[in-house]
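**Student:** File follows, target-v4.cif with mmCIF, C-alpha atoms; chains and numbers go by the auth columns:
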```cif
data_final
#
loop_
_atom_site.group_PDB
_atom_site.id
_atom_site.type_symbol
_atom_site.label_atom_id
_atom_site.label_comp_id
_atom_site.label_asym_id
_atom_site.label_seq_id
_atom_site.Cartn_x
_atom_site.Cartn_y
_atom_site.Cartn_z
_atom_site.B_iso_or_equiv
_atom_site.auth_seq_id
_atom_site.auth_asym_id
ATOM 1 C CA MET A 1 -21.028 9.786 7.511 0.00 1 A
ATOM 2 C CA SER A 2 -17.554 8.549 6.720 0.00 2 A
ATOM 3 C CA ARG A 3 -15.436 6.469 9.069 0.00 3 A
ATOM 4 C CA VAL A 4 -12.507 8.087 10.798 0.00 4 A
ATOM 5 C CA VAL A 5 -9.450 6.003 11.654 0.00 5 A
ATOM 6 C CA TYR A 6 -6.090 6.775 13.154 0.00 6 A
ATOM 7 C CA CYS A 7 -3.974 6.226 10.045 0.00 7 A
ATOM 8 C CA HIS A 8 -0.783 4.330 10.785 0.00 8 A
ATOM 9 C CA TYR A 9 0.847 5.752 7.632 0.00 9 A
ATOM 10 C CA LEU A 10 -0.135 9.410 8.097 0.00 10 A
ATOM 11 C CA LYS A 11 0.184 9.285 11.911 0.00 11 A
ATOM 12 C CA LYS A 12 -3.080 11.193 12.337 0.00 12 A
ATOM 13 C CA GLU A 13 -6.843 10.734 12.164 0.00 13 A
ATOM 14 C CA ALA A 14 -8.210 10.682 8.636 0.00 14 A
ATOM 15 C CA GLU A 15 -11.110 9.361 6.600 0.00 15 A
ATOM 16 C CA GLY A 16 -11.110 5.557 6.591 0.00 16 A
ATOM 17 C CA LEU A 17 -11.740 3.181 3.745 0.00 17 A
ATOM 18 C CA ASP A 18 -15.375 2.398 2.895 0.00 18 A
ATOM 19 C CA PHE A 19 -14.841 -1.368 2.893 0.00 19 A
ATOM 20 C CA GLN A 20 -12.097 -3.961 3.159 0.00 20 A
ATOM 21 C CA LEU A 21 -10.082 -3.820 -0.063 0.00 21 A
ATOM 22 C CA TYR A 22 -7.592 -6.597 0.670 0.00 22 A
ATOM 23 C CA PRO A 23 -8.343 -10.148 1.845 0.00 23 A
ATOM 24 C CA GLY A 24 -7.504 -11.837 5.132 0.00 24 A
ATOM 25 C CA GLU A 25 -6.053 -10.551 8.373 0.00 25 A
ATOM 26 C CA LEU A 26 -3.843 -8.061 6.532 0.00 26 A
ATOM 27 C CA GLY A 27 -6.960 -6.693 4.831 0.00 27 A
ATOM 28 C CA LYS A 28 -8.641 -6.237 8.205 0.00 28 A
ATOM 29 C CA ARG A 29 -5.586 -4.401 9.506 0.00 29 A
ATOM 30 C CA ILE A 30 -5.531 -2.127 6.455 0.00 30 A
ATOM 31 C CA PHE A 31 -9.254 -1.416 6.829 0.00 31 A
ATOM 32 C CA ASN A 32 -8.827 -0.509 10.514 0.00 32 A
ATOM 33 C CA GLU A 33 -5.518 1.371 10.385 0.00 33 A
ATOM 34 C CA ILE A 34 -5.095 2.928 6.925 0.00 34 A
ATOM 35 C CA SER A 35 -6.881 5.989 5.527 0.00 35 A
ATOM 36 C CA LYS A 36 -8.233 6.550 2.031 0.00 36 A
ATOM 37 C CA GLN A 37 -5.445 9.044 1.378 0.00 37 A
ATOM 38 C CA ALA A 38 -2.713 6.598 2.420 0.00 38 A
ATOM 39 C CA TRP A 39 -4.299 3.829 0.338 0.00 39 A
ATOM 40 C CA GLN A 40 -4.329 6.090 -2.735 0.00 40 A
ATOM 41 C CA GLU A 41 -0.647 6.896 -2.192 0.00 41 A
ATOM 42 C CA TRP A 42 0.071 3.166 -1.981 0.00 42 A
ATOM 43 C CA LEU A 43 -1.833 2.484 -5.216 0.00 43 A
ATOM 44 C CA LYS A 44 0.388 4.997 -7.046 0.00 44 A
ATOM 45 C CA LYS A 45 3.509 3.312 -5.680 0.00 45 A
ATOM 46 C CA GLN A 46 2.122 -0.127 -6.487 0.00 46 A
ATOM 47 C CA THR A 47 1.470 0.872 -10.094 0.00 47 A
ATOM 48 C CA MET A 48 5.028 2.155 -10.433 0.00 48 A
ATOM 49 C CA LEU A 49 6.395 -0.996 -8.803 0.00 49 A
ATOM 50 C CA ILE A 50 4.466 -3.270 -11.162 0.00 50 A
ATOM 51 C CA ASN A 51 5.322 -1.288 -14.285 0.00 51 A
ATOM 52 C CA GLU A 52 8.994 -0.598 -13.598 0.00 52 A
ATOM 53 C CA ASN A 53 9.760 -4.159 -12.479 0.00 53 A
ATOM 54 C CA LYS A 54 7.514 -5.699 -15.140 0.00 54 A
ATOM 55 C CA PHE A 55 5.711 -7.761 -12.507 0.00 55 A
ATOM 56 C CA ASN A 56 3.099 -10.262 -13.651 0.00 56 A
ATOM 57 C CA MET A 57 0.133 -10.446 -11.287 0.00 57 A
ATOM 58 C CA MET A 58 -0.410 -14.095 -12.220 0.00 58 A
ATOM 59 C CA ASN A 59 3.017 -14.884 -10.731 0.00 59 A
ATOM 60 C CA LEU A 60 2.766 -15.776 -7.026 0.00 60 A
ATOM 61 C CA GLU A 61 6.321 -14.604 -6.285 0.00 61 A
ATOM 62 C CA HIS A 62 5.608 -11.188 -7.832 0.00 62 A
ATOM 63 C CA ARG A 63 2.433 -10.848 -5.756 0.00 63 A
ATOM 64 C CA LYS A 64 4.369 -11.756 -2.606 0.00 64 A
ATOM 65 C CA LYS A 65 6.972 -9.081 -3.394 0.00 65 A
ATOM 66 C CA ILE A 66 4.245 -6.476 -3.887 0.00 66 A
ATOM 67 C CA GLU A 67 2.556 -7.463 -0.616 0.00 67 A
ATOM 68 C CA ALA A 68 5.874 -7.206 1.240 0.00 68 A
ATOM 69 C CA GLU A 69 6.459 -3.726 -0.228 0.00 69 A
ATOM 70 C CA MET A 70 2.904 -2.719 0.728 0.00 70 A
ATOM 71 C CA ILE A 71 3.482 -3.723 4.349 0.00 71 A
ATOM 72 C CA LYS A 72 6.791 -1.865 4.478 0.00 72 A
ATOM 73 C CA PHE A 73 5.223 1.247 2.894 0.00 73 A
ATOM 74 C CA LEU A 74 1.991 1.417 4.900 0.00 74 A
ATOM 75 C CA PHE A 75 3.106 0.122 8.291 0.00 75 A
ATOM 76 C CA GLU A 76 6.883 0.448 8.565 0.00 76 A
ATOM 77 C CA GLY A 77 7.390 3.869 6.976 0.00 77 A
ATOM 78 C CA GLU A 78 9.783 2.616 4.313 0.00 78 A
ATOM 79 C CA GLU A 79 9.819 4.017 0.808 0.00 79 A
ATOM 80 C CA VAL A 80 9.113 1.665 -2.083 0.00 80 A
ATOM 81 C CA VAL A 81 12.338 0.724 -3.867 0.00 81 A
ATOM 82 C CA ILE A 82 11.988 0.683 -7.626 0.00 82 A
ATOM 83 C CA ASP A 83 15.034 -0.313 -9.653 0.00 83 A
ATOM 84 C CA GLY A 84 16.271 2.557 -11.797 0.00 84 A
ATOM 85 C CA TYR A 85 13.742 5.113 -10.469 0.00 85 A
ATOM 86 C CA LYS A 86 14.906 8.304 -8.810 0.00 86 A
ATOM 87 C CA PRO A 87 12.187 10.525 -7.306 0.00 87 A
ATOM 88 C CA GLN A 88 12.132 14.185 -8.253 0.00 88 A
ATOM 89 C CA ASN A 89 12.755 16.685 -5.464 0.00 89 A
#
```
Can you turn what I pasted into structure tokens?
**Tutor:**
Amino acid sequence: MSRVVYCHYLKKEAEGLDFQLYPGELGKRIFNEISKQAWQEWLKKQTMLINENKFNMMNLEHRKKIEAEMIKFLFEGEEVVIDGYKPQN
């Protein structure tokens, strides 16, 4: 049986992640408060963020920027800002 969590991003109960996907205290918070659906939406945004900004995952500053965007997206309800990208309506 799958876990059910109250998803902070979706603002409703949804299927939770199977295991902690991110390290540390932030990873625990994601595991307890973010659903599979919300995590998948974040992964799409993260991919766009990395590709459009040409981030290098070996660069600590780039990883910090991605983590900050992840927190804003999942927990603060802010849209990911990608230079030069305009979402389709």
**Student:** Pick out the residues sitting within 12 Å of Ala14 in chain A, and hand them over as a list in words; count only C-alpha atoms, and ignore anything fewer than 3 positions along from it in its own chain.
**Tutor:**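 So the residues in contact are Ser2, Arg3, Val4, Val5, Tyr6, Cys7, His8, Tyr9, Leu10, Lys11, Leu17, Asn32, Glu33, Ile34, Ser35, Lys36, Gln37, Ala38 and Trp39 of chain A.
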**Student:** What's the separation between CA of Trp42 in chain A and CA of Met57 in chain A, in Å to one decimal place?
**Tutor:**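 We find that CA of Trp42 in chain A and CA of Met57 in chain A lie 16.5 Å from each other.
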**Student:** Work out how far apart CA of Glu61 in chain A and CA of Lys45 in chain A are and give it in Å to one decimal.
**Tutor:**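 Between CA of Glu61 in chain A and CA of Lys45 in chain A the gap is 18.1 Å.
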**Student:** Step by step, work through what the PyMOL selection byres ((chain A and resi 18-20) around 8) selects in the shown file, and finish by giving those residues as an NGL selection string.
**Tutor:** :A and (2-3 or 16-17 or 21-23 or 27-28 or 30-31)
**Student:** In Å to one decimal, how far is CA of Met70 in chain A from CA of Arg29 in chain A?
**Tutor:**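 So the two atoms, CA of Arg29 in chain A and CA of Met70 in chain A, lie 12.3 Å apart.
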**Student:** So for range 2-7 of chain A, what box centre and size do we get, axis-aligned, 3 Å extra on each of the six sides, every listed atom, Å to one decimal, as AutoDock Vina command-line options?
**Tutor:**
```
--center_x -10.8 --center_y 7.3 --center_z 9.9 --size_x 19.6 --size_y 8.5 --size_z 12.4
```
**Student:** Which is closer to Leu43 in chain A than all the others in A:Glu13, A:Asn59, A:Phe73, A:Gly24, using all atoms listed in the file?
**Tutor:**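 Among A:Glu13, A:Asn59, A:Phe73, A:Gly24, it is A:Phe73 that comes nearest to Leu43 in chain A.
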**Student:** Please expand the PyMOL selection byres ((chain A and resi 63-66) around 12) into the concrete residues it hits in this file, giving the result as a list in words.
**Tutor:**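 Output of the PyMOL selection byres ((chain A and resi 63-66) around 12): Trp42, Leu43, Lys45, Gln46, Thr47, Met48, Leu49, Ile50, Asn51, Asn53, Lys54, Phe55, Asn56, Met57, Met58, Asn59, Leu60, Glu61, His62, Glu67, Ala68, Glu69, Met70, Ile71, Lys72, Phe73, Val80, Val81 and Ile82 of chain A.
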**Student:** Okay, now the selection with C-alpha atoms, as a short mmCIF file (atom, residue, chain, number, x, y, z; two decimals), in the coordinates of the input?
**Tutor:**
```cif
data_model
loop_
_atom_site.label_atom_id
_atom_site.label_comp_id
_atom_site.auth_asym_id
_atom_site.auth_seq_id
_atom_site.Cartn_x
_atom_site.Cartn_y
_atom_site.Cartn_z
CA TRP A 42 0.07 3.17 -1.98
CA LEU A 43 -1.83 2.48 -5.22
CA LYS A 45 3.51 3.31 -5.68
CA GLN A 46 2.12 -0.13 -6.49
CA THR A 47 1.47 0.87 -10.09
CA MET A 48 5.03 2.15 -10.43
CA LEU A 49 6.40 -1.00 -8.80
CA ILE A 50 4.47 -3.27 -11.16
CA ASN A 51 5.32 -1.29 -14.28
CA ASN A 53 9.76 -4.16 -12.48
CA LYS A 54 7.51 -5.70 -15.14
CA PHE A 55 5.71 -7.76 -12.51
CA ASN A 56 3.10 -10.26 -13.65
CA MET A 57 0.13 -10.45 -11.29
CA MET A 58 -0.41 -14.10 -12.22
CA ASN A 59 3.02 -14.88 -10.73
CA LEU A 60 2.77 -15.78 -7.03
CA GLU A 61 6.32 -14.60 -6.28
CA HIS A 62 5.61 -11.19 -7.83
CA GLU A 67 2.56 -7.46 -0.62
CA ALA A 68 5.87 -7.21 1.24
CA GLU A 69 6.46 -3.73 -0.23
CA MET A 70 2.90 -2.72 0.73
CA ILE A 71 3.48 -3.72 4.35
CA LYS A 72 6.79 -1.86 4.48
CA PHE A 73 5.22 1.25 2.89
CA VAL A 80 9.11 1.66 -2.08
CA VAL A 81 12.34 0.72 -3.87
CA ILE A 82 11.99 0.68 -7.63
#
```
